[in-house]
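Undergrad: Dropping in data.cif, which is mmCIF, C-alpha atoms and all ligand atoms:
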```
data_query
#
loop_
_atom_site.label_atom_id
_atom_site.label_comp_id
_atom_site.auth_asym_id
_atom_site.auth_seq_id
_atom_site.Cartn_x
_atom_site.Cartn_y
_atom_site.Cartn_z
CA MET A 1 25.77 -11.67 -20.51
CA THR A 2 25.34 -14.12 -17.66
CA GLU A 3 21.92 -14.61 -16.14
CA ARG A 4 21.35 -12.27 -13.22
CA THR A 5 20.17 -13.36 -9.80
CA TYR A 6 18.16 -10.63 -8.07
CA LEU A 7 18.19 -11.01 -4.30
CA ASP A 8 17.59 -7.43 -3.18
CA TRP A 9 13.82 -7.38 -2.82
CA ASN A 10 13.87 -5.33 0.36
CA ALA A 11 15.36 -2.49 -1.71
CA THR A 12 12.74 -2.79 -4.43
CA ALA A 13 10.69 -5.47 -6.17
CA PRO A 14 9.96 -6.02 -9.86
CA LEU A 15 6.69 -4.63 -11.16
CA ARG A 16 3.94 -7.26 -10.97
CA PRO A 17 2.27 -8.04 -14.30
CA GLN A 18 -1.10 -7.15 -12.75
CA ALA A 19 0.26 -3.71 -11.78
CA ARG A 20 1.73 -3.14 -15.24
CA ALA A 21 -1.56 -4.07 -16.97
CA ALA A 22 -3.60 -1.86 -14.65
CA MET A 23 -1.22 1.06 -15.11
CA LEU A 24 -1.22 0.79 -18.90
CA GLY A 25 -5.02 0.92 -18.83
CA ALA A 26 -4.98 3.96 -16.57
CA LEU A 27 -2.32 5.79 -18.60
CA ASP A 28 -4.55 5.71 -21.66
CA ARG A 29 -7.46 7.36 -19.88
CA VAL A 30 -8.11 11.07 -19.65
CA GLY A 31 -9.81 12.74 -16.72
CA ASN A 32 -8.84 14.60 -13.58
CA PRO A 33 -10.28 12.71 -10.59
CA SER A 34 -11.56 16.03 -9.21
CA SER A 35 -13.54 16.88 -12.36
CA VAL A 36 -17.30 16.36 -12.31
CA HIS A 37 -17.69 15.12 -15.90
CA ALA A 38 -17.81 11.47 -16.90
CA GLU A 39 -14.06 11.30 -17.59
CA GLY A 40 -13.28 12.80 -14.18
CA ARG A 41 -15.72 10.48 -12.43
CA GLY A 42 -14.10 7.53 -14.19
CA ALA A 43 -10.66 8.57 -12.97
CA HIS A 44 -12.07 9.11 -9.47
CA ARG A 45 -13.57 5.61 -9.51
CA LEU A 46 -10.19 4.12 -10.40
CA LEU A 47 -8.57 5.94 -7.49
CA GLU A 48 -11.23 4.78 -5.06
CA GLU A 49 -10.91 1.17 -6.24
CA ALA A 50 -7.17 1.36 -5.64
CA ARG A 51 -7.81 2.86 -2.20
CA GLN A 52 -10.03 -0.09 -1.33
CA ARG A 53 -7.42 -2.55 -2.57
CA VAL A 54 -4.61 -0.99 -0.54
CA ALA A 55 -6.82 -0.73 2.55
CA ALA A 56 -7.91 -4.36 2.18
CA LEU A 57 -4.36 -5.64 2.55
CA ALA A 58 -4.36 -4.30 6.13
CA ALA A 59 -8.12 -4.70 6.68
CA ALA A 60 -8.31 -0.93 7.05
CA ASP A 61 -11.09 1.53 6.26
CA PRO A 62 -10.44 2.91 2.74
CA ARG A 63 -11.34 6.38 3.99
CA ASP A 64 -8.28 6.24 6.23
CA VAL A 65 -5.92 5.82 3.27
CA THR A 66 -4.04 8.91 2.08
CA PHE A 67 -1.99 8.30 -1.06
CA THR A 68 1.50 9.80 -1.06
CA SER A 69 4.64 9.69 -3.19
CA GLY A 70 5.96 6.79 -1.11
CA ALA A 71 6.60 5.70 2.43
CA THR A 72 9.19 8.40 3.02
CA GLU A 73 6.48 11.01 2.49
CA ALA A 74 3.94 8.96 4.47
CA ASN A 75 6.29 8.78 7.44
CA THR A 76 7.02 12.49 7.20
CA LEU A 77 3.30 13.26 7.00
CA ALA A 78 2.65 11.21 10.14
CA LEU A 79 5.57 12.47 12.18
CA ALA A 80 4.63 16.06 12.89
CA PRO A 81 4.67 17.78 16.25
CA ALA A 82 1.80 20.20 15.92
CA ARG A 83 -0.42 21.72 13.36
CA ILE A 84 1.16 24.72 11.68
CA GLY A 85 -0.45 27.83 13.05
CA ALA A 86 -1.60 25.97 16.14
CA PRO A 87 1.49 25.15 18.15
CA GLY A 88 0.47 23.72 21.46
CA ALA A 89 -2.89 22.59 20.07
CA PRO A 90 -4.54 20.04 22.34
CA GLY A 91 -3.19 16.57 21.76
CA ALA A 92 -0.23 17.78 19.73
CA PRO A 93 2.83 15.86 20.87
CA GLU A 94 6.00 17.81 21.52
CA ARG A 95 8.25 14.79 21.55
CA LEU A 96 8.89 11.86 19.26
CA LEU A 97 10.26 8.53 20.44
CA VAL A 98 11.64 6.24 17.72
CA SER A 99 13.26 2.84 17.96
CA SER A 100 17.00 2.89 17.31
CA ILE A 101 16.63 0.67 14.22
CA GLU A 102 14.17 2.74 12.20
CA HIS A 103 14.55 3.45 8.50
CA PRO A 104 16.21 6.86 7.93
CA SER A 105 12.86 8.36 6.93
CA VAL A 106 11.69 7.82 10.52
CA HIS A 107 15.03 7.94 12.27
CA CYS A 108 15.54 11.52 11.11
CA GLY A 109 12.45 12.49 13.12
CA GLY A 110 10.07 13.67 10.41
CA ARG A 111 9.03 17.24 11.16
CA PHE A 112 10.14 17.21 14.79
CA ALA A 113 13.15 19.30 15.74
CA ALA A 114 16.20 17.12 16.33
CA ALA A 115 16.24 18.03 20.02
CA SER A 116 12.69 16.64 20.44
CA VAL A 117 13.52 13.19 19.06
CA GLU A 118 14.64 10.38 21.34
CA GLU A 119 15.74 6.84 20.62
CA ILE A 120 14.40 3.75 22.32
CA PRO A 121 17.01 0.97 22.32
CA VAL A 122 16.57 -2.53 20.91
CA THR A 123 17.52 -5.87 22.42
CA GLN A 124 20.33 -8.04 21.07
CA ALA A 125 17.71 -10.01 19.17
CA GLY A 126 16.88 -6.83 17.24
CA GLN A 127 13.49 -6.04 18.80
CA VAL A 128 12.52 -2.79 20.42
CA ASP A 129 13.12 -2.94 24.16
CA LEU A 130 9.59 -2.69 25.57
CA ALA A 131 10.82 -2.30 29.14
CA ALA A 132 12.91 0.71 28.07
CA LEU A 133 9.90 2.16 26.24
CA GLU A 134 7.70 1.71 29.30
CA ARG A 135 10.35 3.29 31.54
CA ARG A 136 10.69 6.34 29.30
CA LEU A 137 6.93 6.79 29.01
CA GLY A 138 6.69 6.65 32.80
CA GLU A 139 9.46 9.22 33.22
CA LEU A 140 7.79 11.59 30.79
CA ARG A 141 4.50 11.23 32.62
CA ARG A 142 6.15 11.94 35.98
CA GLU A 143 7.85 15.01 34.48
CA GLY A 144 4.42 16.24 33.40
CA ALA A 145 5.41 16.21 29.71
CA ARG A 146 2.78 15.86 27.05
CA PRO A 147 2.23 12.27 25.86
CA PRO A 148 4.68 11.63 23.02
CA LEU A 149 4.24 10.34 19.51
CA VAL A 150 6.06 7.02 19.15
CA SER A 151 7.25 5.43 15.89
CA ILE A 152 8.21 1.77 15.66
CA MET A 153 8.55 -0.22 12.45
CA LEU A 154 6.74 -3.51 11.92
CA ALA A 155 9.65 -5.31 10.27
CA ASN A 156 13.20 -4.08 10.05
CA ASN A 157 14.44 -3.56 6.49
CA GLU A 158 17.94 -4.89 7.22
CA THR A 159 17.31 -7.86 9.53
CA GLY A 160 13.68 -8.63 8.72
CA VAL A 161 13.04 -8.91 12.48
CA LEU A 162 9.39 -8.33 13.38
CA GLN A 163 8.72 -5.84 16.14
CA PRO A 164 6.28 -6.21 19.05
CA VAL A 165 4.14 -3.41 17.74
CA ALA A 166 0.82 -4.31 19.42
CA ALA A 167 2.47 -4.57 22.83
CA ALA A 168 4.17 -1.23 22.21
CA ALA A 169 0.82 0.27 21.17
CA ASP A 170 -0.72 -0.77 24.48
CA LEU A 171 2.09 0.89 26.43
CA VAL A 172 1.93 4.06 24.34
CA HIS A 173 -1.86 4.33 24.58
CA ALA A 174 -1.80 3.70 28.34
CA ALA A 175 0.50 6.71 28.56
CA GLY A 176 -1.90 8.78 26.45
CA GLY A 177 0.39 8.82 23.39
CA GLN A 178 0.05 7.65 19.80
CA LEU A 179 1.89 5.03 17.80
CA HIS A 180 2.91 5.32 14.16
CA VAL A 181 4.19 2.19 12.45
CA ASP A 182 6.41 2.03 9.38
CA ALA A 183 4.96 -1.16 7.93
CA VAL A 184 6.76 -0.97 4.59
CA GLN A 185 8.66 -4.25 4.74
CA ALA A 186 5.85 -6.31 6.26
CA PHE A 187 3.01 -5.05 4.04
CA GLY A 188 2.10 -7.79 1.57
CA ARG A 189 4.68 -10.16 3.03
CA VAL A 190 3.08 -11.16 6.31
CA ALA A 191 -0.62 -11.02 7.12
CA PHE A 192 -1.64 -8.32 9.57
CA THR A 193 -4.56 -6.03 10.13
CA LEU A 194 -4.53 -2.51 11.44
CA ALA A 195 -6.68 -3.69 14.33
CA GLN A 196 -4.14 -6.37 15.28
CA LEU A 197 -1.32 -3.84 15.32
CA ARG A 198 -3.41 -1.46 17.42
CA ALA A 199 -1.41 1.35 15.78
CA ASP A 200 -2.82 4.80 15.12
CA SER A 201 -1.24 4.99 11.68
CA ILE A 202 0.91 2.96 9.32
CA ALA A 203 3.08 3.87 6.33
CA VAL A 204 3.27 1.57 3.31
CA SER A 205 5.09 1.73 -0.01
CA GLY A 206 4.07 0.62 -3.52
CA HIS A 207 7.39 -0.50 -4.92
CA LYS A 208 8.15 -3.05 -2.23
CA ILE A 209 5.05 -5.05 -3.15
CA GLY A 210 5.37 -4.97 -6.94
CA GLY A 211 3.73 -1.63 -7.59
CA PRO A 212 5.57 1.38 -9.04
CA ALA A 213 8.12 3.40 -7.06
CA GLY A 214 6.83 6.83 -6.16
CA THR A 215 3.60 5.50 -4.68
CA GLY A 216 2.74 4.86 -1.06
CA ALA A 217 0.18 5.63 1.58
CA LEU A 218 -0.38 6.75 5.10
CA ILE A 219 -3.21 4.74 6.63
CA ARG A 220 -4.35 6.61 9.66
CA ILE A 221 -7.26 5.73 11.87
CA GLY A 222 -9.73 8.58 11.86
CA ALA A 223 -7.99 10.43 9.01
CA ALA A 224 -11.31 11.39 7.48
CA VAL A 225 -12.60 12.82 10.76
CA ALA A 226 -9.35 14.65 11.37
CA ALA A 227 -9.54 16.20 7.93
CA GLY A 228 -13.00 17.44 8.80
CA SER A 229 -14.72 15.80 5.85
CA GLY A 230 -15.54 12.36 7.01
CA GLY A 231 -18.80 12.92 8.84
CA ALA A 232 -19.68 11.22 12.09
CA ARG A 233 -17.54 8.16 12.47
CA GLY A 234 -17.52 7.74 16.21
CA ALA A 235 -14.53 7.37 18.47
CA ARG A 236 -12.02 5.25 16.61
CA GLY A 237 -8.92 5.75 18.68
CA ALA A 238 -6.85 8.66 19.77
CA THR A 239 -5.55 9.70 16.36
CA GLY A 240 -8.61 11.49 15.17
CA GLU A 241 -8.20 13.95 18.01
CA ARG A 242 -4.91 15.11 16.55
CA PRO A 243 -5.37 16.93 13.27
CA LEU A 244 -2.75 15.98 10.76
CA ASP A 245 -0.64 18.77 9.39
CA PRO A 246 -0.45 18.35 5.59
CA LEU A 247 2.94 18.54 3.94
CA ILE A 248 1.48 19.81 0.69
CA ARG A 249 -1.40 22.26 0.62
CA GLY A 250 -3.42 23.41 -2.30
CA GLY A 251 -6.37 21.90 -4.12
CA GLY A 252 -7.74 19.83 -1.27
CA GLN A 253 -7.13 16.40 -2.82
CA GLU A 254 -6.87 13.38 -0.51
CA ARG A 255 -9.36 14.96 1.91
CA GLY A 256 -7.12 17.96 2.27
CA LEU A 257 -4.18 15.91 3.46
CA ARG A 258 -2.17 15.85 0.23
CA ALA A 259 -2.82 18.45 -2.43
CA GLY A 260 -2.02 18.03 -6.11
CA THR A 261 -3.62 16.09 -8.95
CA GLU A 262 -3.25 12.45 -8.07
CA ASN A 263 -0.78 10.13 -9.77
CA ALA A 264 -3.68 8.02 -11.01
CA ALA A 265 -1.70 5.47 -13.03
CA GLY A 266 0.78 4.94 -10.20
CA ILE A 267 -1.94 4.63 -7.59
CA VAL A 268 -3.86 2.16 -9.76
CA GLY A 269 -0.67 0.09 -10.12
CA PHE A 270 -0.17 0.21 -6.36
CA GLY A 271 -3.75 -1.01 -5.85
CA ALA A 272 -3.34 -3.85 -8.32
CA ALA A 273 -0.08 -4.90 -6.66
CA ALA A 274 -1.76 -4.88 -3.25
CA SER A 275 -4.52 -7.19 -4.47
CA ALA A 276 -2.05 -9.52 -6.18
CA ALA A 277 0.15 -9.61 -3.07
CA GLY A 278 -2.85 -10.42 -0.89
CA GLU A 279 -3.90 -13.32 -3.09
CA THR A 280 -0.62 -15.20 -2.92
CA MET A 281 0.90 -13.90 0.32
CA ALA A 282 0.48 -17.07 2.38
CA ALA A 283 1.85 -19.41 -0.28
CA ASP A 284 4.67 -17.02 -1.26
CA GLY A 285 5.64 -16.60 2.39
CA ALA A 286 5.92 -20.31 3.00
CA ARG A 287 7.94 -20.82 -0.18
CA MET A 288 10.28 -17.92 0.56
CA ALA A 289 10.86 -19.08 4.12
CA ALA A 290 11.87 -22.54 2.87
CA LEU A 291 14.25 -21.03 0.29
CA ARG A 292 15.68 -18.59 2.83
CA ASP A 293 16.28 -21.44 5.31
CA ARG A 294 17.99 -23.42 2.58
CA LEU A 295 20.17 -20.41 1.75
CA GLU A 296 21.16 -19.92 5.39
CA ALA A 297 21.92 -23.61 5.85
CA GLY A 298 24.18 -23.56 2.78
CA LEU A 299 25.82 -20.33 3.88
CA THR A 300 26.74 -21.62 7.33
CA GLU A 301 27.93 -24.89 5.85
CA ILE A 302 30.41 -23.02 3.63
CA THR A 303 31.39 -20.51 6.35
CA PRO A 304 30.49 -21.80 9.81
CA GLU A 305 31.63 -18.53 11.38
CA ALA A 306 28.88 -16.60 9.54
CA ILE A 307 26.46 -14.86 11.89
CA ILE A 308 22.82 -14.86 10.82
CA VAL A 309 21.61 -11.62 12.34
CA GLY A 310 18.29 -11.74 14.17
CA ALA A 311 17.93 -15.50 13.70
CA LYS A 312 16.65 -15.86 17.25
CA ALA A 313 13.70 -13.54 16.69
CA GLU A 314 10.64 -13.89 14.51
CA ARG A 315 11.58 -12.58 11.09
CA LEU A 316 10.07 -11.84 7.70
CA PRO A 317 10.13 -15.00 5.59
CA ASN A 318 12.27 -13.43 2.86
CA THR A 319 15.18 -11.74 4.61
CA CYS A 320 18.65 -12.99 5.55
CA LEU A 321 21.23 -10.59 6.96
CA PHE A 322 24.57 -12.29 7.49
CA ALA A 323 27.91 -11.04 8.70
CA VAL A 324 31.29 -12.68 8.67
CA PRO A 325 34.15 -11.32 10.77
CA GLY A 326 36.86 -9.95 8.49
CA MET A 327 34.53 -9.20 5.58
CA ARG A 328 33.71 -5.72 4.21
CA ALA A 329 30.11 -5.48 3.09
CA GLU A 330 30.77 -2.94 0.30
CA THR A 331 33.46 -5.16 -1.21
CA ALA A 332 31.23 -8.21 -0.88
CA VAL A 333 28.35 -6.49 -2.68
CA ILE A 334 30.62 -5.56 -5.60
CA ALA A 335 32.09 -9.05 -5.76
CA PHE A 336 28.61 -10.63 -5.76
CA ASP A 337 27.54 -8.18 -8.45
CA LEU A 338 30.44 -9.26 -10.68
CA GLU A 339 29.27 -12.84 -10.13
CA GLY A 340 25.81 -11.83 -11.38
CA VAL A 341 24.16 -11.70 -7.94
CA ALA A 342 22.44 -8.54 -6.65
CA VAL A 343 22.52 -8.25 -2.85
CA SER A 344 23.02 -5.25 -0.61
CA ALA A 345 25.13 -3.97 2.23
CA GLY A 346 22.55 -3.64 4.97
CA ALA A 347 20.10 -1.04 3.74
CA ALA A 348 20.19 0.13 0.13
CA CYS A 349 19.98 3.70 1.30
CA SER A 350 23.31 3.43 3.13
CA SER A 351 25.05 1.41 0.41
CA GLY A 352 28.03 3.17 -1.03
CA LYS A 353 28.43 5.35 2.01
CA ALA A 354 30.80 2.88 3.68
CA GLN A 355 29.13 3.45 7.01
CA PRO A 356 28.52 0.61 9.42
CA SER A 357 24.86 -0.33 9.74
CA HIS A 358 23.15 1.68 12.51
CA VAL A 359 20.82 -1.28 12.98
CA LEU A 360 23.63 -3.68 13.85
CA ALA A 361 25.30 -1.08 16.03
CA ALA A 362 21.99 -0.64 17.90
CA MET A 363 21.80 -4.40 18.41
CA GLY A 364 25.17 -4.27 20.15
CA PHE A 365 27.35 -5.71 17.39
CA SER A 366 30.93 -4.46 17.12
CA PRO A 367 31.77 -1.93 14.36
CA GLU A 368 33.69 -4.74 12.63
CA ILE A 369 30.55 -6.89 12.37
CA ALA A 370 28.34 -3.90 11.61
CA ARG A 371 30.57 -3.21 8.57
CA ALA A 372 30.48 -6.85 7.52
CA ALA A 373 26.75 -7.43 7.07
CA VAL A 374 25.29 -8.38 3.71
CA ARG A 375 21.54 -8.54 3.16
CA VAL A 376 20.02 -11.15 0.91
CA SER A 377 16.30 -10.67 0.34
CA LEU A 378 13.98 -12.91 -1.64
CA GLY A 379 10.67 -12.35 -3.40
CA TRP A 380 7.75 -14.05 -5.07
CA THR A 381 9.64 -14.99 -8.23
CA THR A 382 12.75 -16.23 -6.40
CA THR A 383 13.50 -19.87 -7.21
CA GLU A 384 15.80 -22.57 -5.97
CA ARG A 385 18.07 -21.72 -8.91
CA ASP A 386 18.59 -18.26 -7.42
CA VAL A 387 19.52 -19.71 -4.05
CA LEU A 388 21.96 -22.13 -5.66
CA ALA A 389 23.47 -19.31 -7.75
CA PHE A 390 23.99 -17.30 -4.58
CA LEU A 391 25.59 -20.24 -2.77
CA SER A 392 27.95 -21.10 -5.62
CA ALA A 393 29.01 -17.45 -5.84
CA TRP A 394 29.61 -17.42 -2.09
CA LYS A 395 31.70 -20.57 -2.35
CA ARG A 396 33.91 -18.86 -4.92
CA LEU A 397 34.06 -15.52 -3.11
CA ALA A 398 34.26 -16.31 0.57
CA HIS A 399 38.01 -16.94 0.58
CA VAL A 400 38.73 -13.62 -1.11
CA LEU A 401 36.27 -11.64 0.95
CA ILE A 402 37.13 -12.98 4.38
CA LYS A 403 40.55 -12.23 5.72
CA GLY A 404 42.24 -15.38 7.03
CA ARG A 405 39.95 -17.85 5.24
CA GLN A 406 42.22 -18.89 2.37
CA ASP A 407 41.44 -22.52 3.25
CA ILE A 408 38.04 -22.18 1.55
CA ALA A 409 39.80 -21.59 -1.77
CA VAL A 410 41.09 -25.13 -1.56
CA ALA A 411 37.72 -26.54 -0.56
CA ALA A 412 35.99 -24.72 -3.38
CA ALA A 413 38.58 -25.49 -6.07
N1 LIG B 1 10.64 2.47 5.45
C1 LIG B 1 11.28 1.32 5.22
C2 LIG B 1 11.37 0.31 6.31
C3 LIG B 1 11.84 1.07 3.97
O1 LIG B 1 12.49 -0.08 3.76
C4 LIG B 1 11.72 2.04 2.95
C5 LIG B 1 12.32 1.82 1.57
N2 LIG B 1 13.72 1.65 1.59
C6 LIG B 1 11.05 3.24 3.25
C7 LIG B 1 10.51 3.41 4.49
C8 LIG B 1 10.89 4.33 2.22
O2 LIG B 1 9.95 3.97 1.25
P1 LIG B 1 9.84 4.77 -0.14
O3 LIG B 1 10.96 4.27 -0.98
O4 LIG B 1 8.50 4.39 -0.69
O5 LIG B 1 9.93 6.21 0.16
#
```
Let's see the structure in the file written out as structure tokens.
TA:
Amino acid sequence: MTERTYLDWNATAPLRPQARAAMLGALDRVGNPSSVHAEGRGAHRLLEEARQRVAALAAADPRDVTFTSGATEANTLALAPARIGAPGAPGAPERLLVSSIEHPSVHCGGRFAAASVEEIPVTQAGQVDLAALERRLGELRREGARPPLVSIMLANNETGVLQPVAAAADLVHAAGGQLHVDAVQAFGRVAFTLAQLRADSIAVSGHKIGGPAGTGALIRIGAAVAAGSGGARGARGATGERPLDPLIRGGGQERGLRAGTENAAGIVGFGAAASAAGETMAADGARMAALRDRLEAGLTEITPEAIIVGAKAERLPNTCLFAVPGMRAETAVIAFDLEGVAVSAGAACSSGKAQPSHVLAAMGFSPEIARAAVRVSLGWTTTERDVLAFLSAWKRLAHVLIKGRQDIAVAAA
């Protein structure tokens, strides 16, 4: 079998050795973290260490971290209109505004009714349109509506484009609302702190940073206060005033926000991955950016008509989304796969559905281009060999994949 080239890190990343080692250690331990005996206390300690590690990567307060089964659950936990049993509770938003390029787990509106969810457009560069957000917030205020909950991602999973989250937070807070940020793709890839984002909550995922799939967290300012078990913590933003409505009720784990015996081994792996990511993030970022630039330069040399989506905006260092008129992304992904290269058609979640990317459509690209976008995403073990393997595959494939570009066959022969 030929050597594989994995360039789909935005879909999922390989398990880091540190995460594997930590998980193996945790799997061999007995003890329910809620139990009072020594075994239980040991398990509890492991969980709390992992909480500190995950919090540290965003310079957050560990008490604000609620472990979940992933970012999909964390987003759903955050995006709730009102506490069950207390509709119309003070501070409970009735409306959710999301950017038009959100991941499906946010785009679907969480626990808001479809009619209460509105989209805020993005600019051609792929960034949320702050003027449109400000306009809509102003309209809602004039209509006397309750301040909304707003959800904007930190980095888009398809384009890698970074969003002006702190500026959005200022607008949302000035209007009395709250901002949730899906930080999945930026967490562990670019340095940020919760304070810099000025967000009320963020969602993060374990498997994108080299932890196990099925782990994630909601980091929410004032979560402990809101859960009623954190003691006096002072005013730390608007979020604490809005009690979070748990998705899963029962034994009171995770300060009452997420019942059920914790997935200790998974959480420990997530924590170890967060620490490992933090240690090498700056160096990995610089290396990935150089490799990504090399890949894009090679790509446009082979096919000058290739569009690098979002190239004009600040992007994650590891992501390249390119589209070529006349190409079909699904076909391209299969052809690359047969060449030993794993890439994806826009988002992994929409792969195989043959639907044009909603992100590209929102950026104003034609349906033809939106169907032609292939995402190449790099990670900490990506090497120059991987980039060269991708480029030589593209040289062989471009003429077959792009209608009307038979000339490349000659050039590549
Ligand atoms: N948000 C974004 C931006 C993502 O890329 C993903 C993963 N595809 C998710 C949320 C969902 O994360 P998880 O797989 O942990 O549920």
Undergrad: Residues up to 10 Å from ligand LIG 1 (chain B), counting all atoms listed in the file: could you list those as a JSON list (two decimals) with C-alpha atoms, in the coordinates of the input?
TA:
```
[["chain", "number", "residue", "atom", "x", "y", "z"],
["A", 9, "TRP", "CA", 13.82, -7.38, -2.82],
["A", 10, "ASN", "CA", 13.87, -5.33, 0.36],
["A", 11, "ALA", "CA", 15.36, -2.49, -1.71],
["A", 12, "THR", "CA", 12.74, -2.79, -4.43],
["A", 68, "THR", "CA", 1.50, 9.80, -1.06],
["A", 69, "SER", "CA", 4.64, 9.69, -3.19],
["A", 70, "GLY", "CA", 5.96, 6.79, -1.11],
["A", 71, "ALA", "CA", 6.60, 5.70, 2.43],
["A", 72, "THR", "CA", 9.19, 8.40, 3.02],
["A", 73, "GLU", "CA", 6.48, 11.01, 2.49],
["A", 74, "ALA", "CA", 3.94, 8.96, 4.47],
["A", 75, "ASN", "CA", 6.29, 8.78, 7.44],
["A", 76, "THR", "CA", 7.02, 12.49, 7.20],
["A", 101, "ILE", "CA", 16.63, 0.67, 14.22],
["A", 102, "GLU", "CA", 14.17, 2.74, 12.20],
["A", 103, "HIS", "CA", 14.55, 3.45, 8.50],
["A", 104, "PRO", "CA", 16.21, 6.86, 7.93],
["A", 105, "SER", "CA", 12.86, 8.36, 6.93],
["A", 106, "VAL", "CA", 11.69, 7.82, 10.52],
["A", 107, "HIS", "CA", 15.03, 7.94, 12.27],
["A", 152, "ILE", "CA", 8.21, 1.77, 15.66],
["A", 153, "MET", "CA", 8.55, -0.22, 12.45],
["A", 154, "LEU", "CA", 6.74, -3.51, 11.92],
["A", 155, "ALA", "CA", 9.65, -5.31, 10.27],
["A", 156, "ASN", "CA", 13.20, -4.08, 10.05],
["A", 157, "ASN", "CA", 14.44, -3.56, 6.49],
["A", 158, "GLU", "CA", 17.94, -4.89, 7.22],
["A", 160, "GLY", "CA", 13.68, -8.63, 8.72],
["A", 181, "VAL", "CA", 4.19, 2.19, 12.45],
["A", 182, "ASP", "CA", 6.41, 2.03, 9.38],
["A", 183, "ALA", "CA", 4.96, -1.16, 7.93],
["A", 184, "VAL", "CA", 6.76, -0.97, 4.59],
["A", 185, "GLN", "CA", 8.66, -4.25, 4.74],
["A", 186, "ALA", "CA", 5.85, -6.31, 6.26],
["A", 203, "ALA", "CA", 3.08, 3.87, 6.33],
["A", 204, "VAL", "CA", 3.27, 1.57, 3.31],
["A", 205, "SER", "CA", 5.09, 1.73, -0.01],
["A", 206, "GLY", "CA", 4.07, 0.62, -3.52],
["A", 207, "HIS", "CA", 7.39, -0.50, -4.92],
["A", 208, "LYS", "CA", 8.15, -3.05, -2.23],
["A", 212, "PRO", "CA", 5.57, 1.38, -9.04],
["A", 213, "ALA", "CA", 8.12, 3.40, -7.06],
["A", 214, "GLY", "CA", 6.83, 6.83, -6.16],
["A", 215, "THR", "CA", 3.60, 5.50, -4.68],
["A", 216, "GLY", "CA", 2.74, 4.86, -1.06],
["A", 217, "ALA", "CA", 0.18, 5.63, 1.58],
["A", 347, "ALA", "CA", 20.10, -1.04, 3.74],
["A", 348, "ALA", "CA", 20.19, 0.13, 0.13],
["A", 349, "CYS", "CA", 19.98, 3.70, 1.30],
["A", 350, "SER", "CA", 23.31, 3.43, 3.13]]
```
Undergrad: Would you work out the distance separating atom CA of A:Leu179 from atom CA of A:Asp200, expressed in Å to one decimal?
TA: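 Answer for the atom CA of A:Leu179 to atom CA of A:Asp200 separation: 5.4 Å.
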Undergrad: Separation of atom CA of A:Val122 and atom CA of A:Ala175, in Å?
TA: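 Distance between the two atoms: 20.1 Å.
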Undergrad: Closest to A:Thr383 among A:Val172, A:Leu360, A:Leu140, A:Met288, using only C-alpha atoms?
TA: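 Using only C-alpha atoms, A:Thr383 sits closest to A:Met288.
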Undergrad: With all atoms listed in the file as the basis for distance, which of A:Ala265, A:Met281, A:Ala335, A:Ala166 is at the shortest distance from A:Val128?
TA: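 Under the stated criterion, the closest residue is A:Ala166.
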Undergrad: Could you build a table of the residues in stretch 114-150 of chain A lying no more than 9 Å from stretch 361-372 of chain A, giving for each the nearest pair of atoms and their separation in Å rounded to one decimal place, using all atoms listed in the file, ordered by chain and ascending residue number, as JSON lines?
TA:
```
{"residue": "A:Pro121", "atom": "CA", "partner": "A:Ala362", "partner_atom": "CA", "distance": 6.9}
{"residue": "A:Val122", "atom": "CA", "partner": "A:Met363", "partner_atom": "CA", "distance": 6.1}
{"residue": "A:Thr123", "atom": "CA", "partner": "A:Met363", "partner_atom": "CA", "distance": 6.0}
{"residue": "A:Gln124", "atom": "CA", "partner": "A:Met363", "partner_atom": "CA", "distance": 4.7}
{"residue": "A:Ala125", "atom": "CA", "partner": "A:Met363", "partner_atom": "CA", "distance": 7.0}
{"residue": "A:Gly126", "atom": "CA", "partner": "A:Met363", "partner_atom": "CA", "distance": 5.6}
{"residue": "A:Gln127", "atom": "CA", "partner": "A:Met363", "partner_atom": "CA", "distance": 8.5}
```
Undergrad: Could you check how far atom CA of A:Arg385 sits from atom CA of A:Ala19, in Å to one decimal?
TA: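 Taking atom CA of A:Arg385 as the start and atom CA of A:Ala19 as the end point, the length is 25.5 Å.
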Undergrad: Please provide the set of residues having any atom within 12 Å of A:Phe192, restricted to only C-alpha atoms, with same-chain residues fewer than 2 positions apart removed, written as a VMD selection string.
TA: chain A and resid 55 to 60 154 to 155 162 165 to 166 183 186 to 190 194 to 199 202 278 281 to 282
Undergrad: Kindly indicate which residue among A:Leu15, A:Ala92, A:Val387, A:Leu257 lies nearest to A:Gly177, using all atoms listed in the file for the distances.
TA: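 Going through A:Leu15, A:Ala92, A:Val387, A:Leu257 one by one, the smallest distance to A:Gly177 is for A:Ala92.
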Undergrad: Nearest to A:Pro148: which of A:Arg328, A:His180, A:Arg95, A:Arg45 is it, counting only C-alpha atoms?
TA: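 Of A:Arg328, A:His180, A:Arg95, A:Arg45, the one nearest A:Pro148 is A:Arg95, counting only C-alpha atoms.
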Undergrad: My list of candidates is A:Leu7, A:Ile308, A:Leu77, A:Ala274. Which is closest to A:Asp337 when distances are computed with only C-alpha atoms?
TA: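 Going through A:Leu7, A:Ile308, A:Leu77, A:Ala274 one by one, the smallest distance to A:Asp337 is for A:Leu7.
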